[in-house]
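Below is data29.txt, which holds compact mmCIF, C-alpha atoms.
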# COMPACT_ATOMS: atom_id res chain seq x y z
CA MET A 945 -106.57 54.17 -9.79
CA LEU A 946 -105.27 56.40 -7.00
CA LYS A 947 -107.25 54.39 -4.46
CA LYS A 948 -105.63 51.14 -5.67
CA LEU A 949 -102.14 52.65 -5.46
CA LEU A 950 -102.80 53.95 -1.95
CA THR A 951 -104.12 50.55 -0.84
CA ALA A 952 -101.09 48.77 -2.33
CA GLY A 953 -98.75 51.27 -0.61
CA ILE A 954 -100.42 50.72 2.75
CA LEU A 955 -100.22 46.93 2.39
CA LEU A 956 -96.54 47.13 1.41
CA CYS A 957 -95.70 49.32 4.43
CA VAL A 958 -97.59 47.06 6.82
CA SER A 959 -95.81 44.03 5.36
CA LEU A 960 -92.38 45.66 5.69
CA SER A 961 -93.17 46.80 9.21
CA MET A 962 -94.22 43.30 10.26
CA SER A 963 -91.12 41.66 8.77
CA ALA A 964 -88.82 44.22 10.43
CA ASN A 965 -90.50 43.63 13.79
CA ALA A 966 -90.31 39.86 13.35
CA ALA A 967 -86.50 40.08 13.11
CA LEU A 968 -86.22 41.65 16.57
CA MET A 969 -88.73 40.80 19.27
CA GLY A 970 -88.94 41.52 22.98
CA ILE A 971 -87.52 38.99 25.44
CA ASN A 972 -90.12 36.63 26.87
CA GLY A 973 -89.03 34.19 29.56
CA SER A 974 -87.73 33.75 33.08
CA PHE A 975 -85.06 32.10 35.21
CA ASP A 976 -84.10 31.81 38.87
CA VAL A 977 -80.85 32.42 40.73
CA PHE A 978 -80.12 31.16 44.27
CA GLY A 979 -77.15 31.80 46.56
CA LEU A 980 -75.80 33.58 49.64
CA GLY A 981 -75.79 37.29 50.32
CA GLU A 982 -74.78 39.51 53.21
CA THR A 983 -77.92 41.59 53.31
CA THR A 984 -78.21 44.92 55.12
CA LEU A 985 -81.61 46.25 56.21
CA ASN A 986 -82.50 49.69 57.51
CA ALA A 987 -84.73 50.34 60.57
CA ALA A 988 -87.84 50.21 58.35
CA GLY A 989 -86.95 46.66 57.22
CA GLU A 990 -85.96 47.67 53.68
CA VAL A 991 -82.97 46.07 51.96
CA THR A 992 -80.29 48.73 51.44
CA ASP A 993 -77.53 46.57 49.97
CA VAL A 994 -76.45 43.00 49.28
CA ASP A 995 -72.89 41.64 49.20
CA PHE A 996 -72.66 38.54 46.98
CA SER A 997 -68.95 37.82 47.59
CA PHE A 998 -69.72 35.06 50.13
CA ASN A 999 -70.70 32.56 47.46
CA SER A 1000 -68.06 29.83 47.34
CA PHE A 1001 -69.49 28.88 43.94
CA ASP A 1002 -70.48 30.78 40.83
CA LEU A 1003 -74.07 31.98 40.69
CA ARG A 1004 -75.85 30.03 37.96
CA PRO A 1005 -79.31 30.34 36.41
CA GLN A 1006 -81.86 27.62 37.24
CA ILE A 1007 -85.38 26.77 35.99
CA ILE A 1008 -84.79 28.53 32.66
CA SER A 1009 -87.74 29.18 30.36
CA GLY A 1010 -88.71 31.02 27.19
CA ASP A 1011 -86.15 32.99 25.19
CA TYR A 1012 -83.47 32.62 27.88
CA GLN A 1013 -83.51 28.84 27.41
CA GLY A 1014 -82.09 29.11 23.91
CA TYR A 1015 -79.12 31.20 25.07
CA PHE A 1016 -77.89 29.72 28.32
CA ASP A 1017 -78.19 26.74 30.63
CA ASN A 1018 -77.34 25.74 34.21
CA ASN A 1019 -73.61 26.09 33.45
CA SER A 1020 -73.89 29.77 32.46
CA ILE A 1021 -72.50 32.22 35.02
CA PHE A 1022 -74.75 34.96 36.41
CA SER A 1023 -72.50 37.97 37.15
CA VAL A 1024 -74.09 40.47 39.52
CA LYS A 1025 -72.91 43.94 40.57
CA ASN A 1026 -71.23 43.55 43.92
CA PRO A 1027 -72.12 45.03 46.27
CA LEU A 1028 -75.63 45.71 45.04
CA VAL A 1029 -76.42 49.12 46.56
CA LEU A 1030 -80.12 49.75 46.11
CA SER A 1031 -79.91 53.53 46.51
CA ASN A 1032 -77.85 53.59 43.30
CA ILE A 1033 -79.46 51.34 40.67
CA VAL A 1034 -80.93 53.76 38.13
CA GLY A 1035 -79.03 53.43 34.85
CA VAL A 1036 -76.60 50.91 36.38
CA ASP A 1037 -75.95 47.46 34.86
CA LEU A 1038 -76.92 45.16 37.74
CA TRP A 1039 -76.31 41.73 36.19
CA THR A 1040 -75.16 40.01 33.00
CA VAL A 1041 -75.40 36.46 31.71
CA GLU A 1042 -74.59 35.16 28.20
CA GLY A 1043 -74.97 38.54 26.49
CA PHE A 1044 -78.08 39.63 28.43
CA THR A 1045 -77.60 42.79 30.52
CA PHE A 1046 -80.07 44.10 33.12
CA THR A 1047 -80.04 47.87 33.76
CA GLY A 1048 -81.97 49.12 36.79
CA THR A 1049 -84.73 51.75 36.63
CA SER A 1050 -86.67 51.53 39.93
CA ILE A 1051 -87.50 49.52 43.06
CA ARG A 1052 -90.96 48.50 44.25
CA GLU A 1053 -92.28 46.88 47.41
CA ASN A 1054 -89.02 46.74 49.36
CA LYS A 1055 -90.30 45.37 52.67
CA THR A 1056 -89.88 42.79 55.40
CA THR A 1057 -92.74 40.64 56.69
CA GLY A 1058 -91.87 38.55 59.72
CA THR A 1059 -88.49 36.98 58.96
CA SER A 1060 -88.74 37.27 55.17
CA THR A 1061 -87.78 40.21 53.04
CA GLY A 1062 -88.60 40.85 49.41
CA LEU A 1063 -88.35 43.51 46.75
CA TYR A 1064 -88.91 44.03 43.05
CA ILE A 1065 -86.15 45.63 41.02
CA ILE A 1066 -87.50 46.94 37.73
CA GLY A 1067 -85.19 47.46 34.79
CA ASN A 1068 -84.51 46.73 31.16
CA VAL A 1069 -82.86 43.63 29.76
CA SER A 1070 -80.92 44.12 26.54
CA HIS A 1071 -79.36 41.62 24.15
CA ALA A 1072 -78.15 42.01 20.56
CA ASP A 1073 -80.81 39.59 19.26
CA PHE A 1074 -83.80 41.22 20.99
CA ILE A 1075 -85.54 44.52 21.54
CA THR A 1076 -84.73 45.89 25.00
CA THR A 1077 -87.48 44.62 27.30
CA GLU A 1078 -88.75 45.92 30.64
CA THR A 1079 -88.05 43.19 33.18
CA GLN A 1080 -88.75 42.49 36.82
CA TRP A 1081 -86.22 40.96 39.21
CA PHE A 1082 -87.86 39.66 42.39
CA PHE A 1083 -85.29 39.23 45.14
CA SER A 1084 -86.00 37.68 48.55
CA THR A 1085 -84.15 36.47 51.64
CA GLN A 1086 -85.33 34.68 54.77
CA GLY A 1087 -84.56 35.04 58.49
CA LEU A 1088 -83.09 38.55 58.44
CA SER A 1089 -82.52 40.76 61.46
CA ILE A 1090 -83.91 44.30 61.33
CA ASN A 1091 -81.46 47.24 61.24
CA GLY A 1092 -78.42 45.04 60.81
CA THR A 1093 -76.35 42.94 58.44
CA THR A 1094 -76.92 39.21 58.18
CA LEU A 1095 -75.56 36.52 55.87
CA LYS A 1096 -78.55 34.60 54.52
CA SER A 1097 -79.58 32.59 51.51
CA PHE A 1098 -81.44 34.41 48.79
CA SER A 1099 -83.65 33.43 45.92
CA SER A 1100 -84.47 35.57 42.94
CA THR A 1101 -86.65 35.25 39.87
CA ILE A 1102 -86.08 37.25 36.70
CA THR A 1103 -89.18 37.60 34.52
CA SER A 1104 -89.18 39.30 31.12
CA PRO A 1105 -92.65 39.99 29.67
CA ALA A 1106 -93.03 40.57 25.95
CA PRO A 1107 -93.54 44.28 25.24
CA SER A 1108 -96.82 45.48 23.77
CA VAL A 1109 -96.82 45.98 20.03
CA VAL A 1110 -96.24 49.59 19.06
CA SER A 1111 -96.85 50.75 15.49
CA GLU A 1112 -93.99 52.47 13.75
CA PRO A 1113 -94.39 56.21 13.00
CA GLY A 1114 -94.24 55.59 9.22
CA THR A 1115 -97.08 53.09 9.38
CA LEU A 1116 -99.16 55.46 11.50
CA ALA A 1117 -98.52 58.30 9.03
CA LEU A 1118 -99.69 56.16 6.10
CA PHE A 1119 -102.87 55.18 7.94
CA GLY A 1120 -103.47 58.86 8.74
CA LEU A 1121 -102.99 59.81 5.09
CA SER A 1122 -105.39 57.09 3.96
CA PHE A 1123 -108.07 58.40 6.33
CA LEU A 1124 -107.42 61.93 5.07
CA PHE A 1125 -107.68 60.73 1.46
CA CYS A 1126 -110.97 58.92 2.20
CA GLY A 1127 -112.32 62.08 3.87
CA LEU A 1128 -111.37 64.25 0.90
CA ARG A 1129 -112.95 61.77 -1.53
CA ARG A 1130 -116.13 61.75 0.54
CA ASN A 1131 -116.31 65.57 0.57
CA LYS A 1132 -115.87 65.67 -3.23
CA LYS A 1133 -118.85 63.39 -3.79
Could you take the file, read its structure, and then write that structure out as structure tokens?
Amino acid sequence: MLKKLLTAGILLCVSLSMSANAALMGINGSFDVFGLGETTLNAAGEVTDVDFSFNSFDLRPQIISGDYQGYFDNNSIFSVKNPLVLSNIVGVDLWTVEGFTFTGTSIRENKTTGTSTGLYIIGNVSHADFITTETQWFFSTQGLSINGTTLKSFSSTITSPAPSVVSEPGTLALFGLSFLFCGLRRNKK
């Protein structure tokens, strides 16, 4: 009897856990943003900051896919922190669009090869309808001068992978208790 109750309790908790997680899921999708930026590089060829104020038009998302597609289109306005100072991105909201907010956490591979520069800004995208999701913002410009400031076109791709599934502590505790119960039953026999 106790075994049946424990099994029913575990199934109920797993069911509740799955339905709670189904209500809020991680963001899965991508979009691109193109425009002009006055980009400053240091002597090592790393982007130090970007000034987006030279755009005579609003920055708008393009090539929208996944979860982003259901929330905005090519008429949505992509608002970016201006100027974008890369030495100060941790914990800073770097862009917003239609209720999605990207908060920076780190920078990877900030380098220049030939006349092209590129970097990955890692951060978290949050939205009321989704679980906050780690996201990558790839930003690149072409034809830059080293150790100077140059107005150039930029392209950027924002990609939000779905987070891995993590079990809730309550579910883990129930599974632990069931293993403990099975062990105790085995020792009794």
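Closest approach to Thr1101 of chain A among A:Gly989, A:Pro1005, A:Gly1048, A:Gly970 is made by A:Pro1005 (distances from all atoms listed in the file).
Counting all atoms listed in the file, the residue from A:Glu982, A:Asp1073, A:Glu1078, A:Asp993 that sits nearest to Asn1032 of chain A is A:Asp993.
All residues of protein, DNA or RNA that reach within 10 Å of segment 1053-1057 of chain A, judged by only C-alpha atoms and not counting those fewer than 2 positions away in the chain, are A:Leu985, A:Ala988, A:Gly989, A:Glu990, A:Val991, A:Thr992, A:Leu1030, A:Ile1051, A:Thr1059, A:Ser1060, A:Thr1061, A:Gly1062, A:Leu1063, A:Tyr1064, A:Ile1065, A:Phe1082, A:Phe1083, A:Ser1084, A:Thr1085, A:Gln1086, A:Gly1087, A:Leu1088, A:Ser1089, A:Ile1090.
Taking atom CA of Phe978 of chain A and atom CA of Leu1003 of chain A as the two end points, the separation is 7.1 Å.
Going from atom CA of Asp1002 of chain A over to atom CA of Phe1098 of chain A, you cover 14.0 Å.
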Go ahead and compute the interatomic distance for atom CA of His1071 of chain A and atom CA of Phe1001 of chain A, in Å to one decimal.
25.5 Å
Selection near Thr1040 of chain A, 10 Å with only C-alpha atoms, sequence-local residues under 3 positions removed, as a PyMOL selection string:
chain A and resi 1021-1025+1037+1043-1047+1069-1071
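The neighbours of Glu1042 of chain A here are the residues that come within 8 Å of it, using only C-alpha atoms and leaving out any residue fewer than 6 positions away in the same chain; they are Tyr1015, Phe1016, Ser1020 and Ile1021 of chain A.
Across A:Gly1010, A:Val1036, A:Leu1095, A:Ser1100, the tightest approach to Asp995 of chain A is made by A:Leu1095 when counting all atoms listed in the file.
Residue nearest Asn1068 of chain A, chosen from A:Asn1019, A:Val1029, A:Asp976, A:Ile971 and counting only C-alpha atoms: A:Ile971.
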Axis-aligned box for all listed atoms of segment 1073-1080 of chain A, 3 Å per side, centre and edges in Å to one decimal, as JSON:
{"center_x": -84.8, "center_y": 42.8, "center_z": 28.0, "size_x": 13.9, "size_y": 12.3, "size_z": 23.6}
What lies within 9 Å of Asn1018 of chain A using only C-alpha atoms, ignoring chain neighbours under 6 positions off, as a VMD selection string?
chain A and resid 1004 to 1008
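Of the residues listed (A:Asn986, A:Thr1103, A:Thr1094, A:Ser1000), A:Thr1103 shows the shortest atom-to-atom separation from Ile1066 of chain A; distances use only C-alpha atoms.
Proximity of A:Ala987, A:Val1034, A:Val1041, A:Leu980 to Tyr1012 of chain A, computed with only C-alpha atoms, is greatest for A:Val1041.
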